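Heads up, query_18.tsv below (TSV, C-alpha atoms):
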chain	number	residue	atom	x	y	z
A	30	MET	CA	3.00	0.68	-5.45
A	31	ARG	CA	4.66	-2.00	-7.52
A	32	GLU	CA	7.87	0.02	-7.50
A	33	ILE	CA	7.96	-0.07	-3.69
A	34	ILE	CA	7.40	-3.83	-3.67
A	35	LYS	CA	10.21	-4.26	-6.22
A	36	LYS	CA	12.58	-2.19	-4.08
A	37	ILE	CA	11.78	-4.25	-0.99
A	38	ALA	CA	12.39	-7.46	-2.93
A	39	TYR	CA	15.68	-6.01	-4.19
A	40	LEU	CA	16.80	-5.18	-0.64
A	41	ARG	CA	15.79	-8.64	0.52
A	42	GLY	CA	17.88	-10.13	-2.30
A	43	LEU	CA	20.86	-7.96	-1.37
A	44	CYS	CA	20.67	-9.19	2.20
A	45	GLU	CA	20.57	-12.79	1.05
A	46	GLY	CA	23.44	-12.15	-1.37
A	47	TYR	CA	25.65	-10.64	1.32
A	48	GLY	CA	25.34	-13.87	3.24
A	49	PHE	CA	24.39	-12.50	6.63
A	50	ASP	CA	24.53	-15.07	9.36
A	51	GLU	CA	20.82	-15.61	9.97
A	52	ASN	CA	21.51	-16.05	13.68
A	53	SER	CA	23.24	-12.68	14.05
A	54	LYS	CA	21.62	-9.69	15.70
A	55	GLU	CA	22.16	-7.58	12.59
A	56	ALA	CA	20.39	-10.09	10.35
A	57	ALA	CA	17.46	-10.26	12.76
A	58	VAL	CA	17.12	-6.46	12.72
A	59	ILE	CA	17.35	-6.23	8.94
A	60	LYS	CA	14.87	-9.06	8.47
A	61	GLY	CA	12.50	-7.36	10.90
A	62	ILE	CA	12.77	-4.07	9.03
A	63	LEU	CA	12.09	-5.77	5.71
A	64	ASP	CA	9.08	-7.57	7.20
A	65	VAL	CA	7.70	-4.23	8.43
A	66	LEU	CA	8.30	-2.70	4.99
A	67	ASP	CA	6.37	-5.60	3.42
A	68	ASP	CA	3.48	-5.01	5.83
A	69	MET	CA	3.49	-1.29	5.12
A	70	ALA	CA	3.43	-1.89	1.35
A	71	ASP	CA	0.46	-4.25	1.80
A	72	GLU	CA	-1.40	-1.66	3.89
A	73	MET	CA	-0.66	1.05	1.33
A	74	ALA	CA	-2.02	-1.18	-1.44
A	75	ASP	CA	-5.18	-1.77	0.60
A	76	LEU	CA	-5.59	1.98	1.17
A	77	ALA	CA	-5.11	2.65	-2.53
A	78	ASP	CA	-7.90	0.16	-3.28
A	79	VAL	CA	-10.20	1.86	-0.77
A	80	MET	CA	-9.40	5.28	-2.24
A	81	GLU	CA	-10.15	4.00	-5.72
A	82	THR	CA	-13.49	2.60	-4.57
A	83	MET	CA	-14.36	5.85	-2.79
A	84	THR	CA	-13.44	7.88	-5.88
A	85	GLU	CA	-15.67	5.70	-8.03
A	86	LEU	CA	-18.54	6.16	-5.58
A	87	LEU	CA	-18.08	9.91	-5.47
A	88	ASP	CA	-17.88	10.13	-9.25
A	89	ASP	CA	-21.06	8.10	-9.61
A	90	GLU	CA	-23.76	10.17	-11.28
A	91	ASP	CA	-26.40	8.86	-8.89
A	92	PHE	CA	-24.52	10.39	-6.00
A	93	ASP	CA	-24.33	13.72	-7.82
A	94	ASP	CA	-28.07	13.58	-8.58
A	95	ASP	CA	-28.88	12.91	-4.93
A	96	GLU	CA	-26.79	15.92	-3.91
A	97	ASP	CA	-28.64	18.15	-6.39
A	98	GLU	CA	-32.02	17.00	-5.08
A	99	ASP	CA	-30.99	17.73	-1.50
A	100	GLU	CA	-29.90	21.25	-2.41
A	101	GLU	CA	-33.24	22.00	-4.16
A	102	GLU	CA	-35.26	21.13	-1.04
Any chance you could give the structure as structure tokens?
Amino acid sequence: MREIIKKIAYLRGLCEGYGFDENSKEAAVIKGILDVLDDMADEMADLADVMETMTELLDDEDFDDDEDEDEEE
């Protein structure tokens, strides 16, 4: 995830370094794309956190014990 965030920051830096006229249509499109990429990276990080939490819950021994008890009944 960090690699994606670094790449987005790199692209943002390239755009600033090229000196796009911030009032141009092209700059507005590129800025919009980079903003969407930032949002997507944030959402992916949130999903990774949720997946990690779910994995921890599923790996929890108490959950496994409850499953075994249900199967015995």
- Item | 10 Å contact set for A:Leu40, all atoms listed in the file, chain neighbours under 6 positions out, as a ChimeraX atom specification | /A:34,46,59,63
- Item | Top pick for closest residue to A:Cys44, considering A:Asp89, A:Arg31, A:Ala57, A:Glu81 and counting only C-alpha atoms |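 Selected residue with least distance to A:Cys44: A:Ala57.
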- Please measure the separation of atom CA of A:Leu43 and atom CA of A:Ala56, giving the value in Å to one decimal.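 If I compute the distance from atom CA of A:Leu43 to atom CA of A:Ala56, I get 11.9 Å.
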- Atomic separation - atom CA of A:Lys60 relative to atom CA of A:Tyr39, Å: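 Taking atom CA of A:Tyr39 and atom CA of A:Lys60, their separation equals 13.0 Å.
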- Query: atom CA of A:Glu51 and atom CA of A:Ala74 are how many Å apart?
  - Reply: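 Rounded to one decimal, the two atoms are 29.3 Å apart.
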Kindly compute an axis-aligned box around the listed atoms of stretch 54-68 of chain A, allowing 6 Å on each side, and express its centre and edge lengths in Å to one decimal as lines of an AutoDock Vina configuration file.
center_x = 12.8
center_y = -6.5
center_z = 9.6
size_x = 30.7
size_y = 19.6
size_z = 24.3
Output requested as a short mmCIF file (atom, residue, chain, number, x, y, z; two decimals), in the coordinates of the input - stretch 80-91 of chain A, filled out with N, CA, C and O atoms.
data_model
loop_
_atom_site.label_atom_id
_atom_site.label_comp_id
_atom_site.auth_asym_id
_atom_site.auth_seq_id
_atom_site.Cartn_x
_atom_site.Cartn_y
_atom_site.Cartn_z
N MET A 80 -9.30 3.95 -1.62
CA MET A 80 -9.40 5.28 -2.24
C MET A 80 -10.00 5.20 -3.63
O MET A 80 -10.82 6.04 -4.01
N GLU A 81 -9.60 4.18 -4.38
CA GLU A 81 -10.15 4.00 -5.72
C GLU A 81 -11.65 3.74 -5.66
O GLU A 81 -12.42 4.33 -6.42
N THR A 82 -12.07 2.90 -4.74
CA THR A 82 -13.49 2.60 -4.57
C THR A 82 -14.25 3.86 -4.17
O THR A 82 -15.33 4.14 -4.72
N MET A 83 -13.70 4.62 -3.23
CA MET A 83 -14.36 5.85 -2.79
C MET A 83 -14.47 6.87 -3.94
O MET A 83 -15.49 7.52 -4.09
N THR A 84 -13.42 6.97 -4.73
CA THR A 84 -13.44 7.88 -5.88
C THR A 84 -14.52 7.48 -6.86
O THR A 84 -15.25 8.33 -7.38
N GLU A 85 -14.63 6.17 -7.12
CA GLU A 85 -15.67 5.70 -8.03
C GLU A 85 -17.05 6.01 -7.48
O GLU A 85 -17.94 6.43 -8.24
N LEU A 86 -17.24 5.85 -6.18
CA LEU A 86 -18.54 6.16 -5.58
C LEU A 86 -18.86 7.65 -5.66
O LEU A 86 -20.00 8.03 -5.94
N LEU A 87 -17.87 8.47 -5.42
CA LEU A 87 -18.08 9.91 -5.47
C LEU A 87 -18.31 10.41 -6.88
O LEU A 87 -19.01 11.41 -7.09
N ASP A 88 -17.71 9.74 -7.85
CA ASP A 88 -17.88 10.13 -9.25
C ASP A 88 -19.17 9.59 -9.85
O ASP A 88 -19.56 10.00 -10.93
N ASP A 89 -19.83 8.71 -9.14
CA ASP A 89 -21.06 8.10 -9.61
C ASP A 89 -22.12 9.18 -9.82
O ASP A 89 -22.38 10.01 -8.97
N GLU A 90 -22.76 9.15 -10.97
CA GLU A 90 -23.76 10.17 -11.28
C GLU A 90 -24.93 10.12 -10.31
O GLU A 90 -25.54 11.14 -10.02
N ASP A 91 -25.29 8.96 -9.83
CA ASP A 91 -26.40 8.86 -8.89
C ASP A 91 -26.11 9.65 -7.62
O ASP A 91 -26.99 10.30 -7.07
#
